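I have placed the structure first, in the form of structure tokens, so that the comments after it can refer back to it.
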Amino acid sequence: MKDVVFYDFVRGPLLKFALFVFFAGISYRFFRVVFLGLPADYAKPKGNPYLMAVKKIIIKPTMGWTFNEIFSRRAINFIGGFLFHLGFLGLTFFVPAHALLWKEIIGISLPVMPSLIVDILTYSALGSLIALTLHRALNPVLKLLTGKDEYFANLLVALILFTGLLANKWAGGGLYIWLLSMHMLLADLLILYIPFSRLSHFVYYFLSVGFMGWNAGKRGVSF
Amino acid sequence: MHSLYEIFKRNGYTRRDFLRYVALLVSAVGFPPSFLPNAVKALESKPKPVVIWLEFQDCAGCSESFIRSTSLLPADVLLDYLSLEYHETLMAPSGLQAEEAKREAIERYKGEYILIVEGSVSPKYKGVYCTIGGKSNEEILKEASKHARLIIAVGSCACWGGIPHAEPNPTGAMPISEILKDKKVVHIPGCPPIGDVMVATIVGFVMTGREPALDNLGRPKTFYGQTIHDRCYRRPFYNAGKFASSFEDEGAKKGYCLYKLGCKGPITRNACATVRWNGGLSFPIQSGHPCFGCSEPDFWDRSFLYSPLSVVEGGFGWKKVLAGIAVGSALGLGSAYINKKLRGVK
Amino acid sequence: MVEFKEQIGRTEIEKFYEFCKKGINMEVASYLEACVRCGICAEACLFYMGENISGRIDPTLTPAYKADLLRDIYRENYTIIGRIKKLLGLGVKIKPEDLKEQIKLAFYTCTMCDRCTKACPMGIDTPKLVSIVRGALTYAGLTPKDLADATNLSLEKGSPLGVDTQTFLKRLEFISEEYEVDIPVDKKPAEYLYLPSSIELMKFPSSVASAVKVLNKSGVSWSMSTKAHEATNFGIFAQSKEATKEMLSRVLEGAKELDVKYIIAPECGHAYQSMRFIAPNLFPEEWNFEVLNIVEFIDRMVETGRLSINRKVLMEKSTLHDSCQIGRRGGVLKEPRRILGMLAEDFRDSVLIPEHNICCGGGGGVLVIKDADYYRQKAFLSKMTLFDKVGAKTVVCYCANCMLALNTGAKELNRDYRFVSIVELVAEAIEEGEE
Amino acid sequence: MKRLVIDPITRIEGHLRIELELEGNRVKRAYSSGTMVRGIEIILRGRDPREAWAFAQRICGVCTTVHAFASIRAVEDALGIRIPRNASLIRKLMIGTLFVHDHVVHFYHLHSLDWVNPVHALKADPVKTSELARNVSNYEKSSPSYFKEIQEKIRQQVERRQLGIFSKGYWDHPEYRLPPEANLLLLAHYIEALNWQTQIVQVHTIFGGKNPHPNFAVGGMPCSIDLQSDTAINTERLSRVKSLIDSMLDFVEKVYIPDLMLLAGFYKNWFERGEGIGNFLVLGEPDGDSHREGKFFIPPTFIRNRNLKAYEDVDYSKIEEYVAHSWYSYSVGDDKGLHPFEGETLLNYTGPEPPYEHLNVEGKYSWLKSPRYEGLSAEVGPLARVLAMYARGVDMVRESVSSSLSKLGLPLEAMFSTMGRTLARGLETQLYARAMQGWYKELLDRIKGGDTKTFDGSRWEPSTWEREAKGLGLMEAPRGSLSHWVHIREAKIHNYQCVVPTTWNGSPRDAKGQPSPYEASLVGHEIAKLEEPLEIIRTIHSFDPCLACAVHLYYGDSSALVLI
């Protein structure tokens, strides 16, 4: 296939399709759960459940760090997971080229990161992703919990980070457009894959952490 | 007959100049340095090659660019290095005599002449959209290409159809390779191509007697092997995430990357960033305007000239996002309703 | 009545499946969907930790794994892909062994202590999911024998230890005489209704006496009730809604009869939990009482100056064991620490954040299940790490069930910890203060 | 009656065909036909107006910027954009460069071979040539050895029968009247100019990135000025521009004008024929970038029937295009004219099936439309502009016209001719070359004064535009008055029409049978050798035809195409 034809395909029809499926898919998954509804709770709350829900959604990602002994046993999970998410989300939104994409999609101009930070985030995200994957393969608990989905998703994301890194670093050789197209193709696949996999956990994060915070607020517990 | 070396000598160039020039040409056509002795020998003895230059649905921009070559001065190219037997924009005779000149050149240099084509060809309705001397362009092209030693398409129109081929392609314009399906065509795309690139490709062919190494789209690898982005002097700004977002901002003054302004450098294979234009003086990016990819097939129809490459081809926008979310929510609502009904959840 | 069946047949599996299916709501579904399989919850679980301390790794003890069957059932019924799989014959196939494992996972190795929720990066409330599995097992008639017996006994006689009204009154008489306290029973009008738990009544009478002393000393008008004389609620352990409701209705009846404003739950975790957070939903119209834990009550009295503690009664190095249901899940965490600060000379908290304390291992009915003893002992091992961390031999508790479980554990493992009730310490402090 | 066909007319841009009806050797009627069409206007429909210039620019690669300018001006007019003065000046410098380049290239490379015989140059004596050169100008390259080298170059070509671009010229034609020395002099400058022109276009390269087809932007210029930056327009670049425009003025005054006068002196008889239609039209070159400001560098003027005294102002609503003899059809009827804002274009080829001998000149015979002013055929171009400025009393023009005519000993009426047109082109080149010095100075002063603004992006976003807007972009192109007419609706181009110099000059007849300037100017020519119609070529070339611009009009797919 001609390079530009391929390139235009992965950033044109395929990306549009993927984005539509993505937005429809995640909102389907979100509302499929939301519309199941809740029974009323008549017990008098001891704290403010709603405030707590919001607070939890904001601070929960760092909460694990307060668990001394768990943190020390699972440093890989906490540090790796944190770095990976920070990197992945940072790169997804604030890499200059991606910010343009988001401007196109949601019409909001996002701030962009300088390349040094982009590099740091890419390396740390890629490194922590590899560490997390190895950990998955070796830890007995994770072995029991992990399915093919996780490995596939990790591989896909790792390849996206890797091709993105190459596309950014590569100079000369005329391969740039192929690297970029591969990066975009894989990203399209990821966008398509998210609504059908556990990768859509980011929408449920708001629900489950929200509920957790709501319960905590109800019971007057602050952690 | 006079060899190129004699021409050099006559023009006051020294043998060192000559060798340096040959070295440049050798590297330009992508031969290893070991080829140099052969090339010198070839140049010292080869007669002037005959060129027939046809113009169809064109704007003469490629011809203009050809006579803007600076590595070899156009007067030398036209009078010394090449024998341009037919070129409508430059030749002396008109009408019958012009046609006669072409016919004679084809006769006399059968299988030896180089055919250069500028402009797309419209075979639609028997070619009424472009006739010369009462003949359709398709017929003229087929006639002239029959005995050509080498066929070169210059400019994006001849290579890919170019602007006449842009949506909705009113005249059914075609690249010449679609007419000459059984022939090999060397493509030198660009709107127009760089004059030096055209001259180097043609003279390089004369020198080596071989056509240059081509990529899968028939372009000389030497000049079209890398993207503008690969060799752009503003690339460090791209890597550093520094972009100009308007022609009037500080970034534009400081020479930041023009990616956000729609630069197509990353997907455009051409030599603008290395050879540059009009004596290596500048090229569009250096003068502040994003590359719009004029050497790539169908670049006119890719997207709005100034829309950045990373955005969705054809646009997406929040309306489609909302549509997606609406579809998803409706499905979610329906699904939850059915689930609750079927499973008796209160 | 809660059933116990040895044989697991098709009906049981179907009933289990049915219950799980119906148990799904927005909250449950989001927990089931949100799990990212990170396995961090394993490190938070005292059973997993206990096994680990004894050098073994049992990945099935991971809380996330406990909800997997429920998750599969959810998927099969609530998602398109799951439903397609079912149509293609790739659905969930539950075998009797699977349910046996579920019994182990839900009843033997989970005290619903909620610690995993705090550790989970996605905030998944695993106890909530386990309670659905427990409910489904109970619905299928698969409640573990000991738990079923205790539940049935309390349904029949009003108490898991078989304490009926007669025994209750006798026991009160004994306490009254032994500890020289006045115990108002069915006294009208009363502002506070105090409910003892039968564990205290039978096994730690001094605890009841201390509570009575504190109540008397605070000068509020209070009473006990012959109708509502049992605070424990084994219906919760079995997750049988009917049993829970039946037992709570007795409390409701007694409280209504005495027309009280407050109900004081004793040092018993699930008693507080059931009356404070579950009863209002079972009797949304009638349950108009404010439910206080005895520790909360004491704190409030001290705060308002009706009780004054100005003597230290605990001189040795001590630490606090939090009851999960009162503390982490009941929000009574600051109160015991405040009180203990006044009582103890050398009090050291074993955890940085009170919510992160480890369960005794006997909660959620695990204590009464003989078959779960192995796991309970392992859990005690992990609990012990906290005691050893601060090096305290004296542990203050505010839940009789915890105390019983810890005592049992210490005895079984030959450890010389001393477990004391916080209310007893308070009673001691105010008594001595008088002199 | 004999029929003579000349196709292709070479040394022009594009594909032009001339058919003549002869009585003996005398032209009775002439028909001009454009035989190529691309349809760029149609391609422009539905696109973003901000990118229209790039498409329009590709209409012609010889006058490579004029359509870009006209397009940008039309869009800026429609959107109400006023560009910074700096951008205006940079554009003017580019326009000036284009004029000088285009006219010089036309004179030497497209036109001079009609008058100059390279074969005769072989007979010249280099020493005498050198004397002649030093007589007419103080241009430094005038040594005998220089001319000898050139002569040698040509001799070798002739000897080895590889004449290249000179092949098959009408070198035996008796109409070549220059003495050998003049032939050699002009031929040397032919070669000189060919190399010189590669350098001067660097003004375009500096400001627009490349040439041909430099880059522009709606709202100003994409190049930024920053004297400190090493990538923007800085001191080094500006001094390069200065030396380039100096070299232009130098070349025009020392080479072009003397050569032109020398040539004119030998061909005075060509001041008597090839007049054409007698009406002259200038749509105007704005002083800024908008005709709405009312200030013009070349004022809009209409001269009716040679009457320079009664010149008229131009009313843009009086422009109409006809298709009576063009291969198009109008929904209102082919005999009606349409104003460009209402312009429509529906292809309707009714010509003969190729290969053909003759076109049907009674019916439709060209891809060019016929623009008319007040229903009249009018000539545009250098002659019209010089006459307009002469009539309006522009000092410099009056002076240069009178002095060159008096040098030749000719009256003002001599300007209405083939050679008059060629002379006017030279005088105009001089005008532009001098004006550029002023523009450069103004630009430099502004930059020194701290104004470096070259772009106004305040109306870049489509959200700032009116829902519906119409704009007119004027541009006095080297070949004549160019106007682009754009109709923007909902941020997209709704209709786009270009009325271009070569349609004014080279159109077919209109509904009333009025011939175009090309057709009128050829009538009465005596052709000495029918197989070598040098006379026709001379007159046609004096207009500097540019057919690519002319035949851009095409609308929709015509499945109803009829081939005869």
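Convention: chains lettered A, B, ... in structure tokens order; per-chain residue numbering from 1; ligands numbered from 1 as shown.
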
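For Met436 of chain D, the non-local neighbours within 9 Å, defined as residues at least 4 positions apart in the same chain or in other chains and counting only C-alpha atoms, are Lys92, Leu93, Gly96, Thr97, Ile245, Leu249, Leu431, Tyr432, Tyr440 and Lys441 of chain D.
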
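Any residue of chain A with an atom within 6 Å of chain C counts; using only C-alpha atoms, that gives Val33, Val34, Leu36, Gly37, Leu38, Tyr42, Ala43, Gly64, Ile70, Val141, Leu142, Leu145, His201, Tyr204, Tyr205, Ser208, Val209, Met212, Arg219, Gly220 and Val221 of chain A.
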
Discussion item. I need the residues of segment 234-431 of chain D that end up classed as strand (DSSP E) by DSSP on the backbone, written out as a PyMOL selection string.
Written reply: chain D and resi 280-282+285-286+296-298+301-303+319-322+328-329+337-338+346-347+370-373

Write to file, as a short mmCIF file (atom, residue, chain, number, x, y, z; two decimals), in the first residue's frame, the residues of the selection just made, with N, CA and C atoms.
data_model
loop_
_atom_site.label_atom_id
_atom_site.label_comp_id
_atom_site.auth_asym_id
_atom_site.auth_seq_id
_atom_site.Cartn_x
_atom_site.Cartn_y
_atom_site.Cartn_z
N PHE D 280 -9.47 50.02 -24.95
CA PHE D 280 -8.47 49.56 -23.97
C PHE D 280 -9.05 49.60 -22.57
N LEU D 281 -8.79 48.56 -21.81
CA LEU D 281 -9.38 48.46 -20.48
C LEU D 281 -8.31 48.17 -19.45
N VAL D 282 -8.36 48.91 -18.34
CA VAL D 282 -7.51 48.63 -17.19
C VAL D 282 -8.45 48.54 -15.99
N GLU D 285 -4.76 48.43 -10.56
CA GLU D 285 -3.91 47.78 -9.55
C GLU D 285 -3.99 48.63 -8.29
N PRO D 286 -4.61 48.09 -7.23
CA PRO D 286 -4.79 48.91 -6.02
C PRO D 286 -3.44 49.28 -5.42
N PHE D 296 -5.06 53.86 -6.30
CA PHE D 296 -4.56 52.90 -7.27
C PHE D 296 -3.15 53.23 -7.72
N PHE D 297 -2.35 52.18 -7.88
CA PHE D 297 -1.03 52.35 -8.48
C PHE D 297 -1.20 52.51 -9.98
N ILE D 298 -2.08 51.68 -10.54
CA ILE D 298 -2.49 51.87 -11.94
C ILE D 298 -4.00 52.06 -11.92
N THR D 301 -9.24 52.33 -15.86
CA THR D 301 -9.54 53.26 -16.96
C THR D 301 -10.11 52.49 -18.14
N PHE D 302 -11.06 53.10 -18.78
CA PHE D 302 -11.56 52.53 -20.04
C PHE D 302 -11.36 53.55 -21.15
N ILE D 303 -10.68 53.14 -22.20
CA ILE D 303 -10.45 54.04 -23.33
C ILE D 303 -11.23 53.51 -24.51
N ILE D 319 -19.05 44.45 -16.42
CA ILE D 319 -18.30 43.33 -17.01
C ILE D 319 -19.24 42.15 -17.19
N GLU D 320 -19.22 41.58 -18.35
CA GLU D 320 -20.05 40.40 -18.61
C GLU D 320 -19.26 39.41 -19.45
N GLU D 321 -19.59 38.14 -19.28
CA GLU D 321 -18.92 37.14 -20.09
C GLU D 321 -19.95 36.44 -20.99
N TYR D 322 -19.54 36.21 -22.24
CA TYR D 322 -20.42 35.59 -23.23
C TYR D 322 -19.88 34.22 -23.63
N TYR D 328 -19.42 26.30 -24.09
CA TYR D 328 -20.16 26.29 -22.83
C TYR D 328 -21.60 26.59 -23.15
N SER D 329 -22.47 26.36 -22.17
CA SER D 329 -23.82 26.86 -22.37
C SER D 329 -24.31 27.52 -21.10
N GLY D 337 -25.16 37.63 -21.82
CA GLY D 337 -23.92 37.77 -21.05
C GLY D 337 -24.24 37.67 -19.57
N LEU D 338 -23.27 37.20 -18.77
CA LEU D 338 -23.49 37.09 -17.33
C LEU D 338 -22.36 37.81 -16.59
N LEU D 346 -21.22 25.76 -17.94
CA LEU D 346 -21.64 24.40 -18.21
C LEU D 346 -21.01 23.98 -19.54
N LEU D 347 -20.18 22.97 -19.45
CA LEU D 347 -19.43 22.59 -20.63
C LEU D 347 -20.33 22.01 -21.71
N SER D 370 -15.96 34.83 -23.61
CA SER D 370 -15.72 36.17 -24.17
C SER D 370 -16.17 37.24 -23.18
N PRO D 371 -15.23 37.82 -22.45
CA PRO D 371 -15.61 38.92 -21.55
C PRO D 371 -15.76 40.21 -22.34
N ARG D 372 -16.73 40.97 -21.96
CA ARG D 372 -16.95 42.25 -22.64
C ARG D 372 -17.23 43.31 -21.60
N TYR D 373 -16.75 44.55 -21.91
CA TYR D 373 -17.05 45.67 -21.02
C TYR D 373 -18.07 46.55 -21.72
#

Discussion item. As a count of residues only, please: the residues near Arg392 of chain D (cut-off 12 Å, only C-alpha atoms, same-chain neighbours under 5 positions excluded).
Written reply: 17

Discussion item. With 7 Å as the limit and counting only C-alpha atoms, what residues in chain B lie close to chain A? Please list them as number ranges by chain.
Written reply: B: 225-227, 230-231, 239-241, 266-267, 310-318, 321, 324-325, 327-329, 331-333, 335-336, 340

Find the residues near Lys512 of chain D: any atom within 10 Å, counting only C-alpha atoms, skip ones fewer than 2 places away on the same chain, and give them as a short mmCIF file (atom, residue, chain, number, x, y, z; two decimals) with N, CA and C atoms, in the first residue's frame.
data_model
loop_
_atom_site.label_atom_id
_atom_site.label_comp_id
_atom_site.auth_asym_id
_atom_site.auth_seq_id
_atom_site.Cartn_x
_atom_site.Cartn_y
_atom_site.Cartn_z
N TYR D 322 -19.54 36.21 -22.24
CA TYR D 322 -20.42 35.59 -23.23
C TYR D 322 -19.88 34.22 -23.63
N ALA D 324 -21.28 32.67 -26.61
CA ALA D 324 -21.92 32.40 -27.90
C ALA D 324 -21.05 31.54 -28.81
N ASP D 335 -26.77 33.37 -25.91
CA ASP D 335 -26.51 34.70 -26.49
C ASP D 335 -26.46 35.78 -25.43
N GLY D 375 -20.48 45.52 -23.09
CA GLY D 375 -20.76 44.81 -24.34
C GLY D 375 -19.69 44.96 -25.39
N LEU D 376 -18.61 45.68 -25.05
CA LEU D 376 -17.57 45.91 -26.05
C LEU D 376 -16.36 45.04 -25.80
N ARG D 509 -15.38 35.16 -30.82
CA ARG D 509 -16.39 36.21 -31.04
C ARG D 509 -17.53 36.09 -30.04
N ASP D 510 -18.21 37.20 -29.77
CA ASP D 510 -19.35 37.15 -28.86
C ASP D 510 -20.65 37.03 -29.63
N GLN D 514 -18.67 40.38 -32.46
CA GLN D 514 -17.48 41.22 -32.28
C GLN D 514 -16.26 40.34 -32.11
N PRO D 515 -15.22 40.59 -32.87
CA PRO D 515 -14.00 39.81 -32.66
C PRO D 515 -13.24 40.30 -31.44
#

Counting only C-alpha atoms, which residues of chain D sit at most 6 Å from some atom of chain B, and what is each one's closest atom pair with its distance in Å to one decimal, listed by chain and rising residue number, as a tab-separated table?
residue	atom	partner	partner_atom	distance
D:Ile6	CA	B:Gly95	CA	4.5
D:Asp7	CA	B:Gly95	CA	4.4
D:Pro8	CA	B:Gly95	CA	4.8
D:Ile9	CA	B:Ser94	CA	5.0
D:Thr10	CA	B:Glu88	CA	4.8
D:Arg11	CA	B:Thr89	CA	4.1
D:Ile12	CA	B:Thr89	CA	5.4
D:Thr35	CA	B:Thr131	CA	5.4
D:Met36	CA	B:Cys130	CA	4.0
D:Val37	CA	B:Tyr129	CA	5.3
D:Arg38	CA	B:Pro164	CA	5.2
D:Gly39	CA	B:Pro170	CA	5.9
D:Ile43	CA	B:Glu167	CA	5.8
D:Ile59	CA	B:Cys59	CA	6.0
D:Cys60	CA	B:Cys59	CA	4.5
D:Gly61	CA	B:Gly61	CA	3.6
D:Val62	CA	B:Gly61	CA	5.9
D:Gly164	CA	B:Ser83	CA	4.4
D:Ile165	CA	B:Met91	CA	4.5
D:Phe166	CA	B:Ala92	CA	5.3
D:Lys168	CA	B:Pro93	CA	5.9
D:Gly169	CA	B:Pro93	CA	4.6
D:Ile191	CA	B:Ala75	CA	5.6
D:Leu194	CA	B:Ala75	CA	5.9
D:Asn195	CA	B:Leu73	CA	6.0
D:Thr198	CA	B:Arg68	CA	4.7
D:Thr205	CA	B:Ser282	CA	6.0
D:Phe207	CA	B:Ser287	CA	5.9
D:Gly208	CA	B:Ser287	CA	5.9
D:Gly209	CA	B:Pro284	CA	3.8
D:Lys210	CA	B:Trp277	CA	5.5
D:Pro212	CA	B:Ser65	CA	6.0
D:Pro222	CA	B:Gly288	CA	5.3
D:Cys223	CA	B:Gly288	CA	4.6
D:Ser224	CA	B:Lys253	CA	5.5
D:Thr231	CA	B:Gly255	CA	5.7
D:Ala232	CA	B:Lys253	CA	5.8
D:Pro354	CA	B:Lys135	CA	5.4
D:Pro355	CA	B:Lys135	CA	4.4
D:Tyr356	CA	B:Gly134	CA	4.9
D:Phe455	CA	B:Glu248	CA	5.4
D:Ala548	CA	B:Cys59	CA	5.7

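Across the structure, atom CA of Leu166 of chain A and atom CA of His183 of chain A are spaced 9.2 Å apart.
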
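Across B:Lys260, B:Phe205, B:Ile188, B:Val154, the tightest approach to Ser109 of chain A is made by B:Lys260 when counting only C-alpha atoms.
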
Fill in: Residues within 8 Å of segment 392-400 of chain C, only C-alpha atoms, excluding chain neighbours under 6 positions, as a ChimeraX atom specification
/C:199-200,204,266-269,295,316-323,336,416-423
